[in-house]
Amino acid sequence: MCLDESYMRHAIELAGRAEAEDEVPVGALLVLNEEIIGEGWNRPIGSHDPTAHAEIMALRAAGVNQRNYRLPGSTLYVTLEPCPMCAGAIVHARVGRVVYAATDPKGGAAGSVFDLLPSDHRFNHAVAVQGGVLEQEASELLRAFFRSRRR
């Protein structure tokens, strides 16, 4: 198994933590030099914080870990394509690469709805993006969550 899949499996485990807290099951982690420097999962409902997306939580933890708000050379693994808010934070943190599992057809900012991460050259930092890593597993986790909510 490649490293991207291994880290994405860990992100899917983190998404399970969000689900256990009745949050939308999205998990994220930041890796630098093959070391996990931050991880997070969705927590906006429980924390009463609209910015508490998995990516933001992982970025916050990584910033504390590295004692720096800039995280150049890092890779963010996330189970759902980042939204525009998270894309902005990713750019400002100078994350080098984003690997996501499932696309977000309603608000994805890595190419599906908005093109903020891979190609918006108005930013002063470019982020490499790869989607679809363990997409089926992450998508099924999200579908099952929303199916249970509709019941």
# chains A, B, ... in the order shown; residues from 1 in each chain; ligands from 1
>>> residues_around(residues="A:Ser47", least_positions_apart="5", cutoff="12 Å", atoms="only C-alpha atoms", output="VMD selection string")
chain A and resid 18 21 to 23 41 to 42 52 to 53 57
>>> closest_atom_pairs(of="stretch 20-85 of chain A", to="stretch 135-148 of chain A", cutoff="8 Å", atoms="only C-alpha atoms", output="CSV")
residue,atom,partner,partner_atom,distance
A:Val24,CA,A:Phe145,CA,7.2
A:Pro25,CA,A:Leu142,CA,6.2
A:Thr79,CA,A:Ala138,CA,5.8
A:Leu80,CA,A:Ala138,CA,7.4
>>> write_last_selection(atoms="all heavy atoms", output="CSV table (one decimal), in the first residue's frame")
chain,number,residue,atom,x,y,z
A,24,VAL,N,-20.6,15.5,10.9
A,24,VAL,CA,-20.4,15.0,9.6
A,24,VAL,C,-19.0,14.3,9.6
A,24,VAL,O,-18.0,14.9,10.0
A,24,VAL,CB,-20.5,16.1,8.5
A,24,VAL,CG1,-20.1,15.5,7.1
A,24,VAL,CG2,-21.8,16.7,8.5
A,25,PRO,N,-18.9,13.0,9.1
A,25,PRO,CA,-17.7,12.3,9.2
A,25,PRO,C,-16.6,12.7,8.2
A,25,PRO,O,-16.5,12.1,7.2
A,25,PRO,CB,-18.1,10.8,9.0
A,25,PRO,CG,-19.3,10.9,8.2
A,25,PRO,CD,-20.0,12.2,8.6
A,79,THR,N,-10.6,13.5,4.1
A,79,THR,CA,-11.5,12.6,3.5
A,79,THR,C,-12.6,13.2,2.5
A,79,THR,O,-13.2,12.5,1.8
A,79,THR,CB,-12.3,11.8,4.6
A,79,THR,OG1,-13.0,12.7,5.4
A,79,THR,CG2,-11.3,10.9,5.4
A,80,LEU,N,-12.7,14.5,2.6
A,80,LEU,CA,-13.6,15.2,1.7
A,80,LEU,C,-12.9,16.4,1.1
A,80,LEU,O,-12.2,17.1,1.9
A,80,LEU,CB,-14.9,15.7,2.5
A,80,LEU,CG,-16.0,16.4,1.7
A,80,LEU,CD1,-16.6,15.5,0.6
A,80,LEU,CD2,-17.1,16.9,2.7
>>> residues_around(residues="A:Val95", least_positions_apart="2", cutoff="9 Å", atoms="only C-alpha atoms", output="list in words")
Leu30, Arg70, Leu71, Pro72, Gly73, Ser74, Thr75, Leu76, Ile90, Val91, His92, Ala93, Arg97, Val98, His125, Ala126, Val127 and Ala128 of chain A
>>> residues_around(residues="stretch 1-6 of chain A", least_positions_apart="4", cutoff="9 Å", atoms="only C-alpha atoms", output="NGL selection string")
:A and (10-11 or 34 or 77 or 99 or 133-134)
>>> residues_around(residues="A:Lys106", least_positions_apart="4", cutoff="12 Å", atoms="only C-alpha atoms", output="short mmCIF file (atom, residue, chain, number, x, y, z; two decimals) with all heavy atoms, in the first residue's frame")
data_model
loop_
_atom_site.label_atom_id
_atom_site.label_comp_id
_atom_site.auth_asym_id
_atom_site.auth_seq_id
_atom_site.Cartn_x
_atom_site.Cartn_y
_atom_site.Cartn_z
N LEU A 80 -12.71 14.51 2.57
CA LEU A 80 -13.65 15.22 1.70
C LEU A 80 -12.94 16.44 1.13
O LEU A 80 -12.21 17.14 1.86
CB LEU A 80 -14.89 15.65 2.48
CG LEU A 80 -15.99 16.37 1.70
CD1 LEU A 80 -16.61 15.46 0.64
CD2 LEU A 80 -17.07 16.86 2.67
N GLU A 81 -13.15 16.70 -0.12
CA GLU A 81 -12.56 17.87 -0.78
C GLU A 81 -12.79 19.13 0.06
O GLU A 81 -13.90 19.39 0.51
CB GLU A 81 -13.21 18.03 -2.16
CG GLU A 81 -12.69 19.19 -2.96
CD GLU A 81 -13.42 19.33 -4.29
OE1 GLU A 81 -14.41 18.59 -4.53
OE2 GLU A 81 -13.01 20.20 -5.08
N PRO A 82 -11.74 19.91 0.30
CA PRO A 82 -11.88 21.11 1.13
C PRO A 82 -12.85 22.13 0.56
O PRO A 82 -12.98 22.29 -0.66
CB PRO A 82 -10.46 21.69 1.15
CG PRO A 82 -9.57 20.52 0.88
CD PRO A 82 -10.35 19.65 -0.07
N CYS A 83 -13.53 22.83 1.46
CA CYS A 83 -14.44 23.92 1.11
C CYS A 83 -13.61 25.20 0.89
O CYS A 83 -12.41 25.23 1.16
CB CYS A 83 -15.46 24.12 2.23
SG CYS A 83 -14.76 24.88 3.72
N PRO A 84 -14.24 26.29 0.42
CA PRO A 84 -13.49 27.54 0.22
C PRO A 84 -12.82 28.07 1.49
O PRO A 84 -11.69 28.56 1.42
CB PRO A 84 -14.56 28.51 -0.30
CG PRO A 84 -15.54 27.63 -1.00
CD PRO A 84 -15.60 26.38 -0.14
N ALA A 102 -13.01 11.99 -1.27
CA ALA A 102 -14.26 12.21 -1.99
C ALA A 102 -14.38 13.66 -2.45
O ALA A 102 -14.00 14.58 -1.73
CB ALA A 102 -15.44 11.86 -1.09
N ALA A 110 -11.37 22.43 -4.56
CA ALA A 110 -10.14 21.90 -5.15
C ALA A 110 -10.40 21.42 -6.57
O ALA A 110 -9.75 20.51 -7.07
CB ALA A 110 -9.59 20.76 -4.29
N GLY A 111 -11.39 22.03 -7.22
CA GLY A 111 -11.63 21.73 -8.61
C GLY A 111 -13.03 21.30 -8.98
O GLY A 111 -13.43 21.43 -10.13
N SER A 112 -13.81 20.80 -8.04
CA SER A 112 -15.13 20.31 -8.43
C SER A 112 -16.16 21.44 -8.59
O SER A 112 -16.90 21.46 -9.57
CB SER A 112 -15.65 19.25 -7.46
OG SER A 112 -15.87 19.80 -6.20
N VAL A 113 -16.21 22.38 -7.66
CA VAL A 113 -17.11 23.53 -7.77
C VAL A 113 -16.30 24.81 -7.94
O VAL A 113 -16.54 25.60 -8.84
CB VAL A 113 -18.04 23.65 -6.54
CG1 VAL A 113 -18.93 24.89 -6.64
CG2 VAL A 113 -18.88 22.40 -6.38
N PHE A 114 -15.33 24.99 -7.08
CA PHE A 114 -14.40 26.13 -7.14
C PHE A 114 -13.01 25.59 -7.43
O PHE A 114 -12.71 24.44 -7.12
CB PHE A 114 -14.39 26.89 -5.80
CG PHE A 114 -15.74 27.37 -5.37
CD1 PHE A 114 -16.46 26.68 -4.41
CD2 PHE A 114 -16.31 28.51 -5.93
CE1 PHE A 114 -17.72 27.11 -4.00
CE2 PHE A 114 -17.56 28.95 -5.53
CZ PHE A 114 -18.26 28.25 -4.56
#
>>> select_by_dssp(residues="stretch 47-132 of chain A", states="strand (DSSP E)", output="JSON, numbers by chain")
{"A": [75, 76, 77, 78, 79, 80, 97, 98, 99, 100, 101, 102, 128, 129, 130]}
>>> closest_residue(among="A:Ala15, A:Val31, A:Met85, A:Ala54", to="A:Gly107", atoms="only C-alpha atoms")
A:Met85
>>> atom_distance(atom1="atom CA of A:Glu35", atom2="atom CA of A:Leu117")
23.1 Å
>>> residues_around(residues="stretch 58-63 of chain A", least_positions_apart="5", cutoff="6 Å", atoms="only C-alpha atoms", output="PDB file with N, CA and C atoms, in the first residue's frame")
ATOM      1  N   LEU A  29      -5.481  14.990   8.411  1.00  0.00           N
ATOM      2  CA  LEU A  29      -4.197  14.994   9.103  1.00  0.00           C
ATOM      3  C   LEU A  29      -3.155  15.656   8.232  1.00  0.00           C
ATOM      4  N   ILE A  37       1.962  15.582  11.973  1.00  0.00           N
ATOM      5  CA  ILE A  37       2.204  16.745  12.836  1.00  0.00           C
ATOM      6  C   ILE A  37       0.907  17.374  13.335  1.00  0.00           C
ATOM      7  N   GLY A  38      -0.219  16.929  12.800  1.00  0.00           N
ATOM      8  CA  GLY A  38      -1.502  17.455  13.262  1.00  0.00           C
ATOM      9  C   GLY A  38      -2.625  16.610  12.707  1.00  0.00           C
ATOM     10  N   GLU A  39      -3.673  16.468  13.493  1.00  0.00           N
ATOM     11  CA  GLU A  39      -4.845  15.743  13.016  1.00  0.00           C
ATOM     12  C   GLU A  39      -6.093  16.391  13.581  1.00  0.00           C
ATOM     13  N   GLY A  40      -7.206  16.131  12.883  1.00  0.00           N
ATOM     14  CA  GLY A  40      -8.468  16.703  13.325  1.00  0.00           C
ATOM     15  C   GLY A  40      -9.635  16.015  12.657  1.00  0.00           C
ATOM     16  N   ASN A  68       4.549  27.245  14.490  1.00  0.00           N
ATOM     17  CA  ASN A  68       4.591  28.111  13.321  1.00  0.00           C
ATOM     18  C   ASN A  68       3.252  28.000  12.601  1.00  0.00           C
ATOM     19  N   TYR A  69       2.727  29.104  12.133  1.00  0.00           N
ATOM     20  CA  TYR A  69       1.479  29.054  11.381  1.00  0.00           C
ATOM     21  C   TYR A  69       1.729  28.698   9.920  1.00  0.00           C
TER      22      TYR A  69
END
>>> closest_residue(among="A:Glu19, A:Thr103, A:Arg122, A:Gly131", to="A:Ile45", atoms="only C-alpha atoms")
A:Glu19
>>> closest_residue(among="A:Ala109, A:Ile36, A:Leu116, A:Val129", to="A:Gly96", atoms="only C-alpha atoms")
A:Val129
